[in-house]
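Quick look at input.cif (mmCIF, C-alpha atoms):
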data_my_file
loop_
_atom_site.group_PDB
_atom_site.id
_atom_site.type_symbol
_atom_site.label_atom_id
_atom_site.label_comp_id
_atom_site.auth_asym_id
_atom_site.auth_seq_id
_atom_site.Cartn_x
_atom_site.Cartn_y
_atom_site.Cartn_z
ATOM 1 C CA MET N 1 12.944 25.584 -2.268
ATOM 2 C CA LYS N 2 16.036 25.342 -0.067
ATOM 3 C CA ASN N 3 14.105 27.026 2.715
ATOM 4 C CA LEU N 4 11.264 24.532 2.270
ATOM 5 C CA GLY N 5 13.673 21.622 2.539
ATOM 6 C CA PHE N 6 15.193 23.109 5.681
ATOM 7 C CA LYS N 7 11.721 23.560 7.196
ATOM 8 C CA PHE N 8 10.833 19.955 6.337
ATOM 9 C CA PHE N 9 13.934 18.526 7.996
ATOM 10 C CA SER N 10 13.505 20.841 10.961
ATOM 11 C CA LEU N 11 9.926 19.551 11.399
ATOM 12 C CA LEU N 12 11.114 15.976 10.929
ATOM 13 C CA LYS N 13 13.731 16.461 13.646
ATOM 14 C CA LYS N 14 11.146 17.866 16.035
ATOM 15 C CA ALA N 15 8.632 15.115 15.273
ATOM 16 C CA THR N 16 10.932 12.123 15.719
ATOM 17 C CA TYR N 17 12.675 10.279 18.535
ATOM 18 C CA PRO N 18 15.923 8.352 17.890
ATOM 19 C CA ALA N 19 13.901 5.126 17.556
ATOM 20 C CA ASP N 20 11.817 6.768 14.808
ATOM 21 C CA ARG N 21 14.969 7.637 12.867
ATOM 22 C CA TRP N 22 16.199 4.058 13.174
ATOM 23 C CA VAL N 23 12.840 2.799 11.901
ATOM 24 C CA MET N 24 13.018 5.191 8.941
ATOM 25 C CA ALA N 25 16.593 4.264 8.041
ATOM 26 C CA ILE N 26 16.295 0.474 8.440
ATOM 27 C CA SER N 27 12.961 0.222 6.599
ATOM 28 C CA ALA N 28 14.270 2.434 3.761
ATOM 29 C CA ILE N 29 17.409 0.296 3.353
ATOM 30 C CA ILE N 30 15.385 -2.948 3.303
ATOM 31 C CA LEU N 31 12.958 -1.549 0.728
ATOM 32 C CA ILE N 32 15.699 -0.248 -1.565
ATOM 33 C CA ALA N 33 17.415 -3.653 -1.380
ATOM 34 C CA LEU N 34 14.131 -5.357 -2.325
ATOM 35 C CA VAL N 35 13.505 -3.047 -5.264
ATOM 36 C CA ILE N 36 16.975 -3.148 -6.832
ATOM 37 C CA GLN N 37 16.774 -6.158 -9.125
ATOM 38 C CA PRO N 38 18.033 -6.680 -12.672
ATOM 39 C CA HIS N 39 15.318 -6.292 -15.310
ATOM 40 C CA ARG N 40 15.069 -8.654 -18.270
ATOM 41 C CA ALA N 41 12.592 -8.252 -21.095
ATOM 42 C CA GLY N 42 9.965 -11.011 -21.343
ATOM 43 C CA ASP N 43 8.793 -13.168 -24.248
ATOM 44 C CA GLU N 44 5.116 -13.608 -23.476
ATOM 45 C CA VAL N 45 2.332 -12.417 -21.253
ATOM 46 C CA SER N 46 0.256 -14.861 -19.209
ATOM 47 C CA ILE N 47 -3.358 -13.954 -18.475
ATOM 48 C CA TYR N 48 -4.972 -15.288 -15.313
ATOM 49 C CA LYS N 49 -8.530 -15.104 -14.049
ATOM 50 C CA ASP N 50 -9.012 -16.027 -10.398
ATOM 51 C CA ASN N 51 -5.558 -17.615 -10.456
ATOM 52 C CA GLN N 52 -6.493 -19.864 -13.412
ATOM 53 C CA LEU N 53 -4.304 -19.469 -16.468
ATOM 54 C CA LEU N 54 -6.508 -18.443 -19.374
ATOM 55 C CA MET N 55 -3.881 -18.065 -22.084
ATOM 56 C CA ASN N 56 -0.398 -16.946 -22.996
ATOM 57 C CA LEU N 57 0.151 -14.265 -25.613
ATOM 58 C CA SER N 58 3.400 -13.693 -27.439
ATOM 59 C CA LEU N 59 4.902 -10.252 -26.955
ATOM 60 C CA ASN N 60 6.341 -10.440 -30.485
ATOM 61 C CA SER N 61 3.015 -9.834 -32.238
ATOM 62 C CA ASP N 62 0.746 -6.877 -31.513
ATOM 63 C CA SER N 63 -2.777 -7.806 -30.455
ATOM 64 C CA ILE N 64 -5.799 -6.759 -28.419
ATOM 65 C CA THR N 65 -7.407 -9.708 -26.631
ATOM 66 C CA PRO N 66 -10.713 -9.393 -24.740
ATOM 67 C CA VAL N 67 -11.294 -11.617 -21.706
ATOM 68 C CA GLU N 68 -14.307 -11.782 -19.413
ATOM 69 C CA GLY N 69 -13.536 -10.515 -15.905
ATOM 70 C CA ARG N 70 -15.833 -10.497 -12.883
ATOM 71 C CA LEU N 71 -17.056 -6.993 -13.670
ATOM 72 C CA GLY N 72 -17.227 -7.347 -17.425
ATOM 73 C CA GLU N 73 -14.881 -7.228 -20.356
ATOM 74 C CA VAL N 74 -11.183 -6.574 -19.846
ATOM 75 C CA LYS N 75 -8.830 -6.134 -22.796
ATOM 76 C CA ILE N 76 -5.169 -7.063 -22.850
ATOM 77 C CA GLU N 77 -3.191 -5.078 -25.367
ATOM 78 C CA VAL N 78 0.196 -6.231 -26.639
ATOM 79 C CA LYS N 79 2.290 -3.729 -28.560
ATOM 80 C CA ASP N 80 6.009 -3.341 -29.252
ATOM 81 C CA GLY N 81 7.007 -6.136 -26.856
ATOM 82 C CA GLN N 82 4.935 -4.693 -24.002
ATOM 83 C CA ALA N 83 1.535 -5.521 -22.552
ATOM 84 C CA ARG N 84 -1.102 -3.605 -20.652
ATOM 85 C CA LEU N 85 -4.460 -4.153 -19.028
ATOM 86 C CA LEU N 86 -7.456 -2.143 -20.162
ATOM 87 C CA GLU N 87 -10.342 -2.549 -17.749
ATOM 88 C CA TYR N 88 -13.541 -0.562 -18.119
ATOM 89 C CA SER N 89 -15.810 -1.422 -15.216
ATOM 90 C CA SER N 90 -13.431 -1.300 -12.275
ATOM 91 C CA LEU N 91 -13.885 1.514 -9.767
ATOM 92 C CA ARG N 92 -10.297 2.733 -9.572
ATOM 93 C CA LEU N 93 -8.822 1.424 -12.853
ATOM 94 C CA ILE N 94 -5.649 0.506 -11.006
ATOM 95 C CA GLY N 95 -4.733 -2.208 -13.511
ATOM 96 C CA THR N 96 -5.036 0.276 -16.375
ATOM 97 C CA LYS N 97 -3.073 2.917 -14.475
ATOM 98 C CA THR N 98 -0.216 0.431 -14.059
ATOM 99 C CA GLY N 99 0.445 1.054 -17.756
ATOM 100 C CA TRP N 100 2.742 -0.936 -19.984
ATOM 101 C CA ILE N 101 4.738 -3.834 -18.521
ATOM 102 C CA LYS N 102 7.560 -5.605 -20.355
ATOM 103 C CA ASN N 103 10.097 -7.094 -17.917
ATOM 104 C CA ARG N 104 9.947 -10.655 -16.617
ATOM 105 C CA GLY N 105 7.934 -11.000 -13.439
ATOM 106 C CA GLU N 106 6.129 -7.675 -13.817
ATOM 107 C CA ILE N 107 2.393 -7.791 -13.253
ATOM 108 C CA ALA N 108 -0.663 -5.645 -13.799
ATOM 109 C CA VAL N 109 -3.723 -6.607 -11.835
ATOM 110 C CA CYS N 110 -7.346 -5.597 -11.564
ATOM 111 C CA VAL N 111 -8.390 -6.984 -8.182
ATOM 112 C CA PRO N 112 -12.167 -6.438 -8.519
ATOM 113 C CA CYS N 113 -12.090 -8.029 -12.016
ATOM 114 C CA GLY N 114 -9.988 -10.981 -10.777
ATOM 115 C CA ILE N 115 -7.702 -10.511 -13.782
ATOM 116 C CA LEU N 116 -3.925 -10.576 -13.536
ATOM 117 C CA ILE N 117 -1.381 -10.422 -16.332
ATOM 118 C CA GLN N 118 2.257 -11.331 -15.842
ATOM 119 C CA ILE N 119 5.254 -11.112 -18.135
ATOM 120 C CA LYS N 120 7.063 -14.395 -18.527
ATOM 121 C CA GLY N 121 10.440 -15.236 -19.971
ATOM 122 C CA ASP N 122 12.058 -18.448 -21.155
ATOM 123 C CA LYS N 123 10.351 -21.031 -18.981
ATOM 124 C CA LYS N 124 12.839 -23.811 -19.675
ATOM 125 C CA PRO N 125 15.656 -23.764 -17.128
ATOM 126 C CA ALA N 126 19.022 -24.945 -18.386
ATOM 127 C CA THR N 127 19.554 -28.657 -17.787
ATOM 128 C CA THR N 128 22.723 -30.005 -16.199
ATOM 129 C CA GLU N 129 23.772 -31.364 -19.585
ATOM 130 C CA GLN N 130 23.283 -27.972 -21.218
ATOM 131 C CA LYS N 131 25.239 -26.299 -18.428
ATOM 132 C CA GLU N 132 28.075 -28.810 -18.853
ATOM 133 C CA LYS N 133 28.100 -28.142 -22.592
ATOM 134 C CA LEU N 134 28.266 -24.424 -21.894
ATOM 135 C CA PHE N 135 31.190 -24.825 -19.535
ATOM 136 C CA ASP N 136 32.912 -27.162 -22.012
ATOM 137 C CA GLY N 137 32.436 -24.478 -24.636
ATOM 138 C CA ILE N 138 33.985 -21.855 -22.391
ATOM 139 C CA ALA N 139 36.906 -24.189 -21.562
ATOM 140 C CA ARG N 140 37.638 -24.737 -25.230
ATOM 141 C CA MET W 1 -10.537 26.722 33.601
ATOM 142 C CA LYS W 2 -10.483 23.262 32.137
ATOM 143 C CA THR W 3 -13.535 21.638 30.622
ATOM 144 C CA ASP W 4 -14.095 17.917 30.946
ATOM 145 C CA ILE W 5 -14.368 16.012 27.694
ATOM 146 C CA ARG W 6 -15.416 12.398 27.489
ATOM 147 C CA PRO W 7 -13.107 10.125 25.478
ATOM 148 C CA ASP W 8 -16.029 8.594 23.593
ATOM 149 C CA LEU W 9 -16.803 12.051 22.193
ATOM 150 C CA LEU W 10 -13.211 12.473 21.109
ATOM 151 C CA ILE W 11 -13.328 9.049 19.464
ATOM 152 C CA ALA W 12 -16.479 10.132 17.626
ATOM 153 C CA TYR W 13 -14.756 13.344 16.455
ATOM 154 C CA PHE W 14 -11.690 11.485 15.241
ATOM 155 C CA ALA W 15 -13.839 8.806 13.556
ATOM 156 C CA ALA W 16 -15.953 11.449 11.799
ATOM 157 C CA ALA W 17 -12.815 13.202 10.558
ATOM 158 C CA ALA W 18 -11.385 9.862 9.409
ATOM 159 C CA VAL W 19 -14.572 8.953 7.495
ATOM 160 C CA ALA W 20 -14.586 12.397 5.855
ATOM 161 C CA ALA W 21 -10.932 11.969 4.838
ATOM 162 C CA HIS W 22 -11.683 8.439 3.546
ATOM 163 C CA VAL W 23 -14.578 9.648 1.354
ATOM 164 C CA LEU W 24 -12.725 12.767 0.212
ATOM 165 C CA GLU W 25 -9.694 10.753 -0.791
ATOM 166 C CA ALA W 26 -11.806 8.371 -2.872
ATOM 167 C CA ALA W 27 -12.918 11.368 -4.939
ATOM 168 C CA ILE W 28 -9.379 12.590 -5.602
ATOM 169 C CA PRO W 29 -7.606 10.912 -8.535
ATOM 170 C CA GLY W 30 -4.495 9.103 -7.303
ATOM 171 C CA PRO W 31 -1.031 9.750 -8.700
ATOM 172 C CA GLY W 32 -0.531 6.081 -9.596
ATOM 173 C CA PRO W 33 -1.730 2.515 -9.176
ATOM 174 C CA TRP W 34 -2.157 1.147 -5.664
ATOM 175 C CA PHE W 35 -1.177 4.558 -4.381
ATOM 176 C CA LYS W 36 -3.346 6.330 -1.874
ATOM 177 C CA MET W 37 -2.240 8.866 0.672
ATOM 178 C CA GLY W 38 -4.274 7.149 3.384
ATOM 179 C CA LEU W 39 -5.191 10.487 4.949
ATOM 180 C CA ALA W 40 -7.833 8.800 7.107
ATOM 181 C CA ASN W 41 -5.050 6.958 8.922
ATOM 182 C CA ILE W 42 -3.832 10.281 10.321
ATOM 183 C CA PHE W 43 -6.835 10.301 12.656
ATOM 184 C CA THR W 44 -6.218 6.698 13.706
ATOM 185 C CA LEU W 45 -2.687 7.768 14.633
ATOM 186 C CA VAL W 46 -3.965 10.802 16.517
ATOM 187 C CA ALA W 47 -6.397 8.572 18.436
ATOM 188 C CA PHE W 48 -3.556 6.124 19.184
ATOM 189 C CA PHE W 49 -1.264 8.768 20.647
ATOM 190 C CA HIS W 50 -3.993 10.795 22.318
ATOM 191 C CA LEU W 51 -6.276 8.095 23.709
ATOM 192 C CA GLY W 52 -4.515 4.749 23.284
ATOM 193 C CA TRP W 53 -4.636 1.594 21.212
ATOM 194 C CA GLY W 54 -8.293 0.753 21.916
ATOM 195 C CA ALA W 55 -9.450 4.145 20.667
ATOM 196 C CA ALA W 56 -7.318 3.774 17.535
ATOM 197 C CA ALA W 57 -8.921 0.385 16.843
ATOM 198 C CA ILE W 58 -12.439 1.813 17.253
ATOM 199 C CA VAL W 59 -11.705 4.820 15.014
ATOM 200 C CA SER W 60 -10.258 2.487 12.406
ATOM 201 C CA ILE W 61 -13.250 0.113 12.408
ATOM 202 C CA ILE W 62 -15.757 2.982 12.228
ATOM 203 C CA ARG W 63 -13.779 4.573 9.420
ATOM 204 C CA VAL W 64 -13.675 1.404 7.292
ATOM 205 C CA VAL W 65 -17.326 0.459 7.791
ATOM 206 C CA ALA W 66 -18.840 3.970 7.584
ATOM 207 C CA GLY W 67 -16.508 4.959 4.747
ATOM 208 C CA SER W 68 -17.469 1.913 2.695
ATOM 209 C CA LEU W 69 -21.174 2.503 3.367
ATOM 210 C CA ALA W 70 -20.802 6.105 2.184
ATOM 211 C CA LEU W 71 -18.955 5.004 -0.950
ATOM 212 C CA GLY W 72 -21.232 2.038 -1.649
ATOM 213 C CA THR W 73 -18.424 -0.512 -1.426
ATOM 214 C CA PHE W 74 -19.551 -2.285 1.783
ATOM 215 C CA LEU W 75 -18.742 -6.037 1.640
ATOM 216 C CA SER W 76 -17.197 -5.637 -1.806
ATOM 217 C CA PRO W 77 -13.563 -6.678 -2.500
ATOM 218 C CA THR W 78 -12.559 -3.045 -1.927
ATOM 219 C CA PHE W 79 -14.098 -3.195 1.563
ATOM 220 C CA PHE W 80 -12.207 -6.355 2.487
ATOM 221 C CA LEU W 81 -8.951 -4.870 1.222
ATOM 222 C CA SER W 82 -9.574 -1.729 3.235
ATOM 223 C CA PHE W 83 -10.554 -3.740 6.318
ATOM 224 C CA SER W 84 -7.489 -5.977 6.124
ATOM 225 C CA GLY W 85 -5.204 -2.965 5.696
ATOM 226 C CA ALA W 86 -6.725 -1.223 8.711
ATOM 227 C CA THR W 87 -6.461 -4.433 10.770
ATOM 228 C CA GLY W 88 -2.783 -4.798 9.884
ATOM 229 C CA ALA W 89 -2.044 -1.181 10.805
ATOM 230 C CA VAL W 90 -3.921 -1.368 14.120
ATOM 231 C CA ALA W 91 -2.268 -4.703 14.996
ATOM 232 C CA LEU W 92 1.102 -3.091 14.383
ATOM 233 C CA MET W 93 0.140 -0.218 16.687
ATOM 234 C CA GLY W 94 -0.684 -2.826 19.347
ATOM 235 C CA VAL W 95 2.812 -4.281 18.989
ATOM 236 C CA VAL W 96 4.325 -0.791 19.269
ATOM 237 C CA ALA W 97 2.257 -0.083 22.390
ATOM 238 C CA LEU W 98 3.674 -3.233 24.020
ATOM 239 C CA SER W 99 7.252 -2.672 22.874
ATOM 240 C CA PRO W 100 9.855 -0.988 25.107
ATOM 241 C CA PHE W 101 10.888 1.415 22.320
ATOM 242 C CA ARG W 102 9.622 4.975 22.391
ATOM 243 C CA LEU W 103 8.294 5.708 18.953
ATOM 244 C CA GLY W 104 6.651 8.932 17.831
ATOM 245 C CA PRO W 105 3.913 9.421 15.210
ATOM 246 C CA VAL W 106 6.356 9.313 12.287
ATOM 247 C CA GLY W 107 7.903 5.950 13.216
ATOM 248 C CA VAL W 108 4.533 4.391 14.050
ATOM 249 C CA SER W 109 2.998 5.823 10.891
ATOM 250 C CA ILE W 110 5.702 4.358 8.630
ATOM 251 C CA LEU W 111 5.488 0.921 10.277
ATOM 252 C CA ALA W 112 1.677 0.987 10.272
ATOM 253 C CA SER W 113 1.643 2.056 6.627
ATOM 254 C CA LEU W 114 3.931 -0.842 5.665
ATOM 255 C CA ALA W 115 1.792 -3.274 7.714
ATOM 256 C CA HIS W 116 -1.311 -1.835 6.027
ATOM 257 C CA MET W 117 0.086 -2.548 2.570
ATOM 258 C CA VAL W 118 1.371 -6.044 3.404
ATOM 259 C CA SER W 119 -2.032 -6.974 4.894
ATOM 260 C CA GLN W 120 -3.851 -5.661 1.836
ATOM 261 C CA VAL W 121 -1.672 -7.570 -0.604
ATOM 262 C CA VAL W 122 -1.977 -10.778 1.454
ATOM 263 C CA MET W 123 -5.773 -10.296 1.520
ATOM 264 C CA ALA W 124 -5.819 -9.711 -2.253
ATOM 265 C CA TRP W 125 -3.756 -12.892 -2.676
ATOM 266 C CA VAL W 126 -5.913 -15.008 -0.340
ATOM 267 C CA LEU W 127 -9.371 -13.807 -1.342
ATOM 268 C CA ILE W 128 -9.172 -12.495 -4.850
ATOM 269 C CA ILE W 129 -6.103 -13.015 -7.003
ATOM 270 C CA GLY W 130 -4.435 -16.106 -5.549
ATOM 271 C CA HIS W 131 -1.436 -15.656 -7.845
ATOM 272 C CA ASP W 132 2.027 -15.412 -6.315
ATOM 273 C CA GLY W 133 2.993 -12.822 -8.921
ATOM 274 C CA ILE W 134 1.218 -10.169 -6.864
ATOM 275 C CA PHE W 135 4.074 -10.323 -4.335
ATOM 276 C CA LEU W 136 6.559 -9.288 -7.037
ATOM 277 C CA ALA W 137 5.008 -5.849 -7.035
ATOM 278 C CA LEU W 138 4.978 -5.623 -3.235
ATOM 279 C CA PRO W 139 8.351 -3.828 -2.843
ATOM 280 C CA TRP W 140 7.125 -1.025 -5.104
ATOM 281 C CA PHE W 141 3.884 -0.731 -3.170
ATOM 282 C CA LEU W 142 5.900 -0.629 0.052
ATOM 283 C CA ILE W 143 8.076 2.209 -1.251
ATOM 284 C CA GLY W 144 4.893 4.233 -1.821
ATOM 285 C CA SER W 145 3.642 3.257 1.644
ATOM 286 C CA TRP W 146 6.902 4.407 3.223
ATOM 287 C CA PHE W 147 6.490 7.918 1.830
ATOM 288 C CA THR W 148 2.785 8.170 2.645
ATOM 289 C CA GLY W 149 3.581 6.898 6.151
ATOM 290 C CA LEU W 150 6.185 9.637 6.559
ATOM 291 C CA VAL W 151 3.857 12.415 5.387
ATOM 292 C CA ASN W 152 0.899 11.141 7.421
ATOM 293 C CA GLY W 153 3.110 10.809 10.501
ATOM 294 C CA LEU W 154 4.210 14.420 10.197
ATOM 295 C CA LEU W 155 0.618 15.590 9.733
ATOM 296 C CA ALA W 156 -0.449 13.533 12.767
ATOM 297 C CA PHE W 157 2.388 15.149 14.750
ATOM 298 C CA LEU W 158 1.110 18.628 13.831
ATOM 299 C CA ILE W 159 -2.486 17.720 14.767
ATOM 300 C CA LEU W 160 -1.332 16.179 18.066
ATOM 301 C CA LYS W 161 0.580 19.377 18.819
ATOM 302 C CA ARG W 162 -2.573 21.412 18.232
ATOM 303 C CA VAL W 163 -4.675 19.078 20.365
ATOM 304 C CA ALA W 164 -2.112 19.320 23.192
ATOM 305 C CA GLN W 165 -2.301 23.133 23.020
ATOM 306 C CA HIS W 166 -5.989 22.994 23.909
ATOM 307 C CA GLN W 167 -5.643 23.852 27.567
ATOM 308 C CA THR W 168 -9.397 23.895 27.948
ATOM 309 C CA MET W 169 -9.706 20.183 27.257
ATOM 310 C CA GLU W 170 -9.154 17.515 29.835
ATOM 311 C CA ILE W 171 -9.966 13.935 29.033
ATOM 312 C CA VAL W 172 -12.051 12.310 31.747
ATOM 313 C CA TRP W 173 -12.449 8.530 31.617
ATOM 314 C CA ARG W 174 -15.738 7.442 33.146
#
Would you give me this structure, written as structure tokens?
Amino acid sequence: MKNLGFKFFSLLKKATYPADRWVMAISAIILIALVIQPHRAGDEVSIYKDNQLLMNLSLNSDSITPVEGRLGEVKIEVKDGQARLLEYSSLRLIGTKTGWIKNRGEIAVCVPCGILIQIKGDKKPATTEQKEKLFDGIAR
Amino acid sequence: MKTDIRPDLLIAYFAAAAVAAHVLEAAIPGPGPWFKMGLANIFTLVAFFHLGWGAAAIVSIIRVVAGSLALGTFLSPTFFLSFSGATGAVALMGVVALSPFRLGPVGVSILASLAHMVSQVVMAWVLIIGHDGIFLALPWFLIGSWFTGLVNGLLAFLILKRVAQHQTMEIVWR
């Protein structure tokens, strides 16, 4: 294994110019920075077809909801505060392979079906008055 | 003694290999969603470094069209996603060709792979999904693209080394 790793890095050294190594390092740093984000569990899952909101389902109650996609029926399963897409007619089943999603902002999408599900959280942002109350509370 | 070889024949060889890789890859189950090795892009890279940007563009177009015809996905959403990805990658290669920096197959492959993924997601957003949420998953897709770009770049480097060892071949532009 150690030998394999050495061979890999030896090949990488041979195959790259300094500019290549800069490209690798800078792109890797940018991508890691983009990926590292705090995860917060969501409250509901929104179901879209062709960017039109079809419905919102609560993540607090387990359910299996069929919706009509472009290629046929797609089911959205909610279980234990998570949701997943179950498509049947899509070629690659990428939406199904995405598996369970539960954190705010996470999506599962079946592009050929035109179906996208997204986890949502508390949609109401805190008002200025609420924020002031909060700060008053902290001050007290 | 060197044998003349016409560049259009080389383009045909690379395109045929790319189409074969494209079809073969479609038959192999992927390790995860939105994750494909993009093995066909190796031959686009080889064409880019061996024959230039124009050849890479031709190989890429032939690969997308012939590959989709073979798989029965021509003019389907899958075709447009594939086409947009290939266009993004080839456009990026054009930028690299014009830039003063000397990049090898690994650097070009990583950048082209990232451009490929961004183009595909933008195409999915414009044509099919239209929901901004798709961009939330983009960083994860790009991480996958980075690794596939690295592996494909190394494989392209090895193929280019083999092609360069062929002392009997001399490209003759006519």
Taking a cut-off of 12 Å and counting only C-alpha atoms, can you build a table that, for each residue of stretch 93-128 of chain N near stretch 122-138 of chain W, reports the nearest atom pair and how far apart they are in Å (one decimal), sorted by chain then residue number, as JSON lines?
{"residue": "N:Gly95", "atom": "CA", "partner": "W:Ile134", "partner_atom": "CA", "distance": 12.0}
{"residue": "N:Thr98", "atom": "CA", "partner": "W:Ala137", "partner_atom": "CA", "distance": 10.8}
{"residue": "N:Ile101", "atom": "CA", "partner": "W:Ala137", "partner_atom": "CA", "distance": 11.7}
{"residue": "N:Asn103", "atom": "CA", "partner": "W:Leu136", "partner_atom": "CA", "distance": 11.6}
{"residue": "N:Arg104", "atom": "CA", "partner": "W:Leu136", "partner_atom": "CA", "distance": 10.3}
{"residue": "N:Gly105", "atom": "CA", "partner": "W:Leu136", "partner_atom": "CA", "distance": 6.8}
{"residue": "N:Glu106", "atom": "CA", "partner": "W:Leu136", "partner_atom": "CA", "distance": 7.0}
{"residue": "N:Ile107", "atom": "CA", "partner": "W:Gly133", "partner_atom": "CA", "distance": 6.7}
{"residue": "N:Ala108", "atom": "CA", "partner": "W:Ile134", "partner_atom": "CA", "distance": 8.5}
{"residue": "N:Val109", "atom": "CA", "partner": "W:Ile134", "partner_atom": "CA", "distance": 7.9}
{"residue": "N:Cys110", "atom": "CA", "partner": "W:Ile129", "partner_atom": "CA", "distance": 8.8}
{"residue": "N:Val111", "atom": "CA", "partner": "W:Ile128", "partner_atom": "CA", "distance": 6.5}
{"residue": "N:Pro112", "atom": "CA", "partner": "W:Ile128", "partner_atom": "CA", "distance": 7.7}
{"residue": "N:Cys113", "atom": "CA", "partner": "W:Ile128", "partner_atom": "CA", "distance": 8.9}
{"residue": "N:Gly114", "atom": "CA", "partner": "W:Ile129", "partner_atom": "CA", "distance": 5.8}
{"residue": "N:Ile115", "atom": "CA", "partner": "W:Ile129", "partner_atom": "CA", "distance": 7.4}
{"residue": "N:Leu116", "atom": "CA", "partner": "W:Ile129", "partner_atom": "CA", "distance": 7.3}
{"residue": "N:Ile117", "atom": "CA", "partner": "W:Gly133", "partner_atom": "CA", "distance": 8.9}
{"residue": "N:Gln118", "atom": "CA", "partner": "W:Gly133", "partner_atom": "CA", "distance": 7.1}
{"residue": "N:Ile119", "atom": "CA", "partner": "W:Gly133", "partner_atom": "CA", "distance": 9.6}
{"residue": "N:Lys120", "atom": "CA", "partner": "W:Gly133", "partner_atom": "CA", "distance": 10.6}
>> Could you tell me, as a ChimeraX atom specification, exactly which residues end up selected when the PyMOL selection byres ((chain W and resi 24) around 12) is applied to this structure?
In response: /W:17-23,25-30,36-40,67,70-71
Keeping C-alpha atoms, export the residues of the selection given above as a short mmCIF file (atom, residue, chain, number, x, y, z; two decimals), in the coordinates of the input.
data_model
loop_
_atom_site.label_atom_id
_atom_site.label_comp_id
_atom_site.auth_asym_id
_atom_site.auth_seq_id
_atom_site.Cartn_x
_atom_site.Cartn_y
_atom_site.Cartn_z
CA ALA W 17 -12.82 13.20 10.56
CA ALA W 18 -11.38 9.86 9.41
CA VAL W 19 -14.57 8.95 7.50
CA ALA W 20 -14.59 12.40 5.86
CA ALA W 21 -10.93 11.97 4.84
CA HIS W 22 -11.68 8.44 3.55
CA VAL W 23 -14.58 9.65 1.35
CA GLU W 25 -9.69 10.75 -0.79
CA ALA W 26 -11.81 8.37 -2.87
CA ALA W 27 -12.92 11.37 -4.94
CA ILE W 28 -9.38 12.59 -5.60
CA PRO W 29 -7.61 10.91 -8.54
CA GLY W 30 -4.50 9.10 -7.30
CA LYS W 36 -3.35 6.33 -1.87
CA MET W 37 -2.24 8.87 0.67
CA GLY W 38 -4.27 7.15 3.38
CA LEU W 39 -5.19 10.49 4.95
CA ALA W 40 -7.83 8.80 7.11
CA GLY W 67 -16.51 4.96 4.75
CA ALA W 70 -20.80 6.10 2.18
CA LEU W 71 -18.95 5.00 -0.95
#
> Any idea what the distance is between atom CA of N:Gly121 and atom CA of N:Val45?
Replying inline: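 That distance, rounded to one decimal, is 8.7 Å.
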>> Please find the residues of chain W near chain N - the criterion being any atom within 8 Å, counting all atoms listed in the file - and write them as a count of residues only.
In response: 31
Which residues match the PyMOL selection byres ((chain W and resi 10) around 12) in the file above, as a short mmCIF file (atom, residue, chain, number, x, y, z; two decimals) with C-alpha atoms, in the coordinates of the input?
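Saved file out.cif follows:
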data_model
loop_
_atom_site.label_atom_id
_atom_site.label_comp_id
_atom_site.auth_asym_id
_atom_site.auth_seq_id
_atom_site.Cartn_x
_atom_site.Cartn_y
_atom_site.Cartn_z
CA ASP W 4 -14.10 17.92 30.95
CA ILE W 5 -14.37 16.01 27.69
CA ARG W 6 -15.42 12.40 27.49
CA PRO W 7 -13.11 10.12 25.48
CA ASP W 8 -16.03 8.59 23.59
CA LEU W 9 -16.80 12.05 22.19
CA ILE W 11 -13.33 9.05 19.46
CA ALA W 12 -16.48 10.13 17.63
CA TYR W 13 -14.76 13.34 16.45
CA PHE W 14 -11.69 11.48 15.24
CA ALA W 15 -13.84 8.81 13.56
CA ALA W 16 -15.95 11.45 11.80
CA ALA W 17 -12.82 13.20 10.56
CA PHE W 43 -6.84 10.30 12.66
CA THR W 44 -6.22 6.70 13.71
CA VAL W 46 -3.96 10.80 16.52
CA ALA W 47 -6.40 8.57 18.44
CA PHE W 48 -3.56 6.12 19.18
CA HIS W 50 -3.99 10.80 22.32
CA LEU W 51 -6.28 8.10 23.71
CA GLY W 52 -4.51 4.75 23.28
CA ALA W 55 -9.45 4.14 20.67
CA ALA W 56 -7.32 3.77 17.54
CA ILE W 58 -12.44 1.81 17.25
CA VAL W 59 -11.70 4.82 15.01
CA VAL W 163 -4.68 19.08 20.36
CA MET W 169 -9.71 20.18 27.26
CA GLU W 170 -9.15 17.52 29.84
CA ILE W 171 -9.97 13.94 29.03
CA VAL W 172 -12.05 12.31 31.75
CA TRP W 173 -12.45 8.53 31.62
#
> Counting only C-alpha atoms, which residues come within 9 Å of (3.4, -13.0, -28.5), with the point read in the file's coordinates, and could you list them as a list in words?
Replying inline: Asp43, Glu44, Val45, Asn56, Leu57, Ser58, Leu59, Asn60, Ser61, Asp62, Ser63, Val78 and Gly81 of chain N
> How far is it from atom CA of N:Val74 to atom CA of N:Leu86, in Å with one decimal?
Replying inline: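 Distance reported for this atom pair: 5.8 Å.
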When you look at N:Ala83 with a cut-off of 7 Å (counting all atoms listed in the file), what residues show up, excluding the ones that are within fewer than 3 positions of it in the same chain? I need them as a PDB file with C-alpha atoms, in the coordinates of the input.
ATOM      1  CA  ILE N  76      -5.169  -7.063 -22.850  1.00  0.00           C
ATOM      2  CA  GLU N  77      -3.191  -5.078 -25.367  1.00  0.00           C
ATOM      3  CA  VAL N  78       0.196  -6.231 -26.639  1.00  0.00           C
ATOM      4  CA  LYS N  79       2.290  -3.729 -28.560  1.00  0.00           C
ATOM      5  CA  TRP N 100       2.742  -0.936 -19.984  1.00  0.00           C
ATOM      6  CA  ILE N 101       4.738  -3.834 -18.521  1.00  0.00           C
ATOM      7  CA  LYS N 102       7.560  -5.605 -20.355  1.00  0.00           C
TER       8      LYS N 102
END
>> Give me the residues near W:Asn152 as a PyMOL selection string, where near means some atom within 7 Å (using all atoms listed in the file) and where sequence neighbours in that chain fewer than 2 positions away do not count.
In response: chain W and resi 39+42+109+148-150+154-156
